[in-house]
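Asker: Just passing along the structure, written as structure tokens.
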Amino acid sequence: MNAIIFSAIMGVVMMFSGILLQKKSAVTTTAIVSLILLLSMNLLDSYSIFSINVDTHDLLHFNKFGLFFNSILIAATLIFVMLCGSDIEKTGVNVADYYALIFFVLCGTSILTSFNGLLMLFLGIEIMSIPLYILTGAEKRNLKSNEASLKYFLMGAFSTGLLLMGIALIYGATGSFSLQVSSTMAVTAGAMPTSFLQIAGLILLFVSMCFKVSAAPFHFWTPDVYDGAPSVFTSFMATVVKAAGFFAFLNLFESNTAILGPSWKILLSFVIVATLLVGNITAVFQQSIKRMLAYSSIAQAGFMLFALYSNNDLAKEGILLYAVAYCLATIGFFAILIKVKDYTFDGFNGLAKAQPVLAFTGVVFLMSLAGIPLTAGFFAKYYMLASVVKSGGSLWIVLVAVLFAAVSVYYYFRVIQSMYFKEGVPEISSITPNFKLGLILVASAVILIGVLPSIVLNWFYF
Amino acid sequence: MIALLLILIPLVAGFCSFGLKQGSSAKNFSLLISIITLVIALFAIGSPTGGSYDSAWLTDLGSRFTLKLDGMGKMLCLLTAVSYPLIFAAVYKNEYKNPASFFGLMLLTQAGLMGVFLAADALLFYFFWELALIPVYFLCSLWGGEKRIAVTFKFFVYTFIGSLLMLVGILYVYFHTADHSFALQSFYKAQLSNHQQSYVFWLFFIAFAIKMPIFPLHTWQPDAYEQAPTATTMVLSGVMVKMGVFAVFRWLLPVFPNAAANNSFVIIILSVIGMLYASLIAIKQDDIKRLIAYSSIAHIGLMCAAMFTNNKAAFDGVMIQMFFHGVNVIGLWIVADLIEKQLGTRKLSELGGLAQKAPAMAILLVVMALANVALPLTNAFIGEFLMFSGLFQYNLFIAAAAGVSIILAAVYTLNMVQSVIYGNLNTVTEKATDISLNVKLVLVIIAITIIVFGVFPQPMIDLTKTSVEALFVKK
């Protein structure tokens, strides 16, 4: 409960800090301090040292997995603000508001990592999404940013509608918002006439969640929104928000799939293969790195969906590791992208000569995204594949996935080719030594987790 | 502990090298390191028990950091350790832009290669398999020829697809081991039905076949060899392709004995097709580097065919040929590099008469060319003879078809020798001078290896005897 309460309070605090603090950098510092506080509050909660408990009538359920996942999300936000704080300041005039909105997003993610009822799922998703619509449109005078914001809002509203419809149908079938009730009903009352409502409701929920995590064929908003939004907020959206969406997706369907029977796997494998196909193949043809990253985030979503597919303990560990690896690499790479003025592949030409630190850490992040061994991304993918192999039978979907992983090398390595093997003089905005140090630290974390993934996982079991 | 040092020294030195000042310091440093590694490798090979190392790594996953130096591993580690000083000495006079990074990446490749040959844990093996590839990607893309970026990328994607398929295979076997462990011994004991073996086998084999390379997965190889900087090409064709051959012995035959037996015919046929096809193309090549590349495909094809004959003599032949082919082909690349650096061309049609200008090189080239043809009294003859005898017992007609490639090898190799060193001088070859001392030394060492082991190969055969026997005990 700590994270939900404190993130909301800190959001309000950040709103007012804009009035009290004159300098923009002071606002960023406040945000960093607040995030550290929030992180420690959440950690205290997960080790049950200090937690505020409010009787939620079982609407929220705090377990270690959820709290740990929430810590990862808060930590990722912290790294994000530390690396990109100066760029958030440059986005517009209302810096304090942006931070306030980020804290409200975190409030939403805290609910999403602990919901136990469909009502709370709905609240979490809304609290998380509405601030994001605003952040997407943060560049008020940029037409693309406005377009992206509107598109995101309309698509988000549409998927919310589906979500509500699904919740209503399930409530109609089971008479409860609770996840447990709906799943037990599913097992005991498979032949009841109400089960039709329940199946329809679950499918609507599924579609709506696919929207949120941008799984094909519900991904169409993603490239435009990611491309149009200010790059700093794209980084936030593509990592923290997406990972939270996945957690909710996993939590929601963990026990609910029995009623869908074998068709669940067919449905899911269709979505996974479509997501991998659309994400990877389209990313290959992009000219802008930012847009390439948008498609690659769709492709990564395809891999994360394997956690849902195999649904065993390896998958749970895997999604944790995937969230860590993916957040670190994407936040790190976006931090570099923001510094380069031209987002096309040619804009990165010669970066290795001009900025060796940026280029080298960039290589580490890209390799992690591609899943090359010795980086965190490898073990993230490894766990996903291993969980599917362990769940038995379906080796073909694993083979499809690894072939697409090989395709992904094409577009990630194109950036490396631009940076290292092509001549050019990239336009780069000013870079502080602290920023470089931050990048090196994030890159070392990526490699460290790539050699010893147990660091993350042991912490989880501790 | 010695086994660990073989990986650790080049790894640490490789990273240190990046910090060195530009100029010749990196060159001297890496030469020194490679010699130290060689001394340690010789020491490890001399010890009767062989080195091993074991420590906890990913306990939750059932993977340990286990290294084991058995006979087969010794052979390949020796090859890796020997080839690096030779390569570094041979390219000592070459100028590379940014030498600190170049030699650093070369040493990192060596660490990866050593790891592949030492790893006794499947996940660790996979790690090193990739680790050896990444520095090579940068080496070829940064210091290679004109078309380097596209060509290297093709090479990278090819191998990466193979690796990923192997990863799926490793995972599959892992979940079928009794104790859920990646250890080599657990893999050997894994209970897989014939049906399971029949498809998981291919996941592994495709990865290894791409690396070797085996027809029809060879298309990356001539381009990559041609475009890579020659020092890297030496590593690629001398040592790195042996990763594929070695991996078949270590991970494929003992884990999937039935599938290997069932699929042997298809694989041998593919290998023989590759041998003939590559030899025929080699005859038509005008570029020395491409010629050597295709000849290498032909030689590797024979090794692959011999590996699936399930014949003890053939296995012995493959084992020693891995080493001898590695050394010999490095010698050929050195000569090719020499000609290119000196005369600015690799085209056979533009060369000629070098025997007059560079007699020492001409003599040494002839020795290496004869080894490439596998003439008796050269080391390659021993290996090829053993392999052909195995193939002969497997199937007479296949052996006959494969035998044609010996004739073809003589055609293209002697043709190359003829156009390079005989004939008249022309405007291009006019300015040639004889080889410098460092290259002469390296080539003489290689020539001595060729002749000494051609007459007295027994020590090498003894080195891998236990490994070959172990492969048969398993069945």
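By convention in this document, the chains of the structure tokens carry letters A, B, ... by their order, each chain's residues are numbered from 1, and ligands are numbered from 1 in the order they are shown.
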Quick check: residues of chain A within 8 Å of chain B, only C-alpha atoms, returned as a list of chain:residue names.

Answerer: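 Contact residues on the first chain: A:Ile372, A:Pro373, A:Leu374, A:Leu385, A:Ala386, A:Val389, A:Lys390, A:Val398, A:Leu399, A:Val402, A:Leu403, A:Ala406, A:Val409, A:Tyr410, A:Gln417, A:Tyr420, A:Phe421, A:Leu452, A:Pro453, A:Ser454.
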
Asker: Name all residues at most 12 Å from Ile19 in chain A (count only C-alpha atoms; drop same-chain ones fewer than 4 positions away) and give them as a PyMOL selection string.

Answerer: chain A and resi 12-15+23-24+26-27+94-97

Asker: Just the selected residues (C-alpha atoms), exported as a PDB file, in the first residue's frame, please.

Answerer:
ATOM      1  CA  VAL A  12       0.758  16.482  -5.484  1.00  0.00           C
ATOM      2  CA  VAL A  13       4.009  17.635  -3.882  1.00  0.00           C
ATOM      3  CA  MET A  14       5.645  17.840  -7.287  1.00  0.00           C
ATOM      4  CA  MET A  15       2.772  19.938  -8.602  1.00  0.00           C
ATOM      5  CA  LYS A  23      15.102  26.672 -11.034  1.00  0.00           C
ATOM      6  CA  LYS A  24      14.143  23.777 -13.240  1.00  0.00           C
ATOM      7  CA  ALA A  26      15.851  22.032  -8.488  1.00  0.00           C
ATOM      8  CA  VAL A  27      12.575  20.457  -9.557  1.00  0.00           C
ATOM      9  CA  ASN A  94       5.871  23.111 -16.945  1.00  0.00           C
ATOM     10  CA  VAL A  95       8.585  20.801 -15.725  1.00  0.00           C
ATOM     11  CA  ALA A  96       7.028  20.260 -12.315  1.00  0.00           C
ATOM     12  CA  ASP A  97       3.804  19.147 -13.966  1.00  0.00           C
TER      13      ASP A  97
END

Asker: Closest to Thr66 in chain B among B:Ala90, B:Leu471, B:Leu184, B:Ala41, using only C-alpha atoms?

Answerer: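 For Thr66 in chain B, the nearest of the candidates is B:Leu184.
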
Asker: Could you pull out all residues of range 187-243 of chain A with a DSSP call of alpha helix (DSSP H) and give them as a PyMOL selection string?

Answerer: chain A and resi 187-188+195-212+221-228+231-236+242-243

Asker: At a cut-off of 9 Å, using only C-alpha atoms, what residues contact range 436-447 of chain B? Leave out same-chain residues fewer than 5 positions from it and give the result as a count of residues only.

Answerer: 22

Asker: For Asp462 in chain B, list every protein, DNA or RNA residue within 10 Å, evaluated using only C-alpha atoms, and leave out those in the same chain fewer than 4 positions away; present the list as a PyMOL selection string.

Answerer: chain B and resi 71+316+320+457-458+466-468

Asker: Would you work out the distance separating CA of Lys68 in chain B from CA of Ile45 in chain B, expressed in Å to one decimal?

Answerer: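 Rounded to one decimal, the two atoms are 11.9 Å apart.
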
Asker: Find the residues near Pro230 in chain A: any atom within 8 Å, counting only C-alpha atoms, skip ones fewer than 3 places away on the same chain, and give them as number ranges by chain.

Answerer: A: 91, 136-139, 145, 227, 233-234

Asker: Show me, as a list in words, the residues that have an atom within 12 Å of Leu268 in chain A when counting only C-alpha atoms, minus same-chain residues fewer than 4 positions from it.

Answerer: Ile203, Phe206, Val207, Cys210, Ala215, Ala216, Pro217, Phe253, Thr257, Leu260, Gly261, Pro262, Ser263, Trp264, Ile272, Val273, Ala274, Thr275, Gly302, Phe303, Met304, Leu305, Phe306, Ala307, Leu308, Tyr309, Ser310, Asn311 and Ile397 of chain A

Asker: Let me see the file: selected residues, C-alpha atoms, as a PDB file, in the first residue's frame.

Answerer:
ATOM      1  CA  ILE A 203     -11.846 -12.182 -24.727  1.00  0.00           C
ATOM      2  CA  PHE A 206      -7.702  -9.935 -23.653  1.00  0.00           C
ATOM      3  CA  VAL A 207      -8.168  -7.585 -26.585  1.00  0.00           C
ATOM      4  CA  CYS A 210      -3.342  -6.421 -26.083  1.00  0.00           C
ATOM      5  CA  ALA A 215       0.458  -6.651 -29.297  1.00  0.00           C
ATOM      6  CA  ALA A 216      -0.498  -7.199 -32.929  1.00  0.00           C
ATOM      7  CA  PRO A 217      -3.077  -6.866 -34.410  1.00  0.00           C
ATOM      8  CA  PHE A 253      -4.794 -14.332 -17.122  1.00  0.00           C
ATOM      9  CA  THR A 257      -7.466 -19.387 -18.863  1.00  0.00           C
ATOM     10  CA  LEU A 260     -11.124 -20.815 -22.552  1.00  0.00           C
ATOM     11  CA  GLY A 261      -9.794 -24.340 -22.899  1.00  0.00           C
ATOM     12  CA  PRO A 262      -7.426 -25.235 -25.711  1.00  0.00           C
ATOM     13  CA  SER A 263      -8.523 -22.284 -27.805  1.00  0.00           C
ATOM     14  CA  TRP A 264      -6.648 -20.025 -25.390  1.00  0.00           C
ATOM     15  CA  ILE A 272       2.446 -13.838 -30.393  1.00  0.00           C
ATOM     16  CA  VAL A 273       3.379 -14.806 -33.926  1.00  0.00           C
ATOM     17  CA  ALA A 274       1.561 -11.792 -35.368  1.00  0.00           C
ATOM     18  CA  THR A 275       3.279  -9.472 -32.904  1.00  0.00           C
ATOM     19  CA  GLY A 302       5.916 -10.514 -28.629  1.00  0.00           C
ATOM     20  CA  PHE A 303       8.695 -12.100 -26.613  1.00  0.00           C
ATOM     21  CA  MET A 304       7.223 -10.974 -23.311  1.00  0.00           C
ATOM     22  CA  LEU A 305       3.919 -12.594 -24.244  1.00  0.00           C
ATOM     23  CA  PHE A 306       5.672 -15.941 -23.928  1.00  0.00           C
ATOM     24  CA  ALA A 307       5.414 -15.511 -20.186  1.00  0.00           C
ATOM     25  CA  LEU A 308       1.665 -15.654 -20.615  1.00  0.00           C
ATOM     26  CA  TYR A 309       1.931 -18.566 -22.996  1.00  0.00           C
ATOM     27  CA  SER A 310       3.943 -20.843 -20.734  1.00  0.00           C
ATOM     28  CA  ASN A 311       2.532 -19.540 -17.457  1.00  0.00           C
ATOM     29  CA  ILE A 397       6.648 -21.396 -31.604  1.00  0.00           C
TER      30      ILE A 397
END

Asker: For Ala13 in chain B, find every residue with an atom within 10 Å (counting only C-alpha atoms), except residues of its own chain fewer than 6 positions away, and show them as a ChimeraX atom specification.

Answerer: /B:29-30,33-34,103-105,107-108,111

Asker: To one decimal place, how far is CA of Ile9 in chain A from CA of Ile72 in chain A in Å?

Answerer: 20.0 Å

Asker: Can you work out which one of A:Val324, A:Ile440, A:Val446, A:Leu205 has the shortest atom-to-atom distance to Met367 in chain A, counting only C-alpha atoms?

Answerer: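 Ranked by minimum distance to Met367 in chain A, first place goes to A:Val446.
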
Asker: Work out how far apart CA of Val116 in chain B and CA of Asn262 in chain B are and give it in Å to one decimal.

Answerer: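 Taking CA of Val116 in chain B and CA of Asn262 in chain B, their separation equals 26.9 Å.
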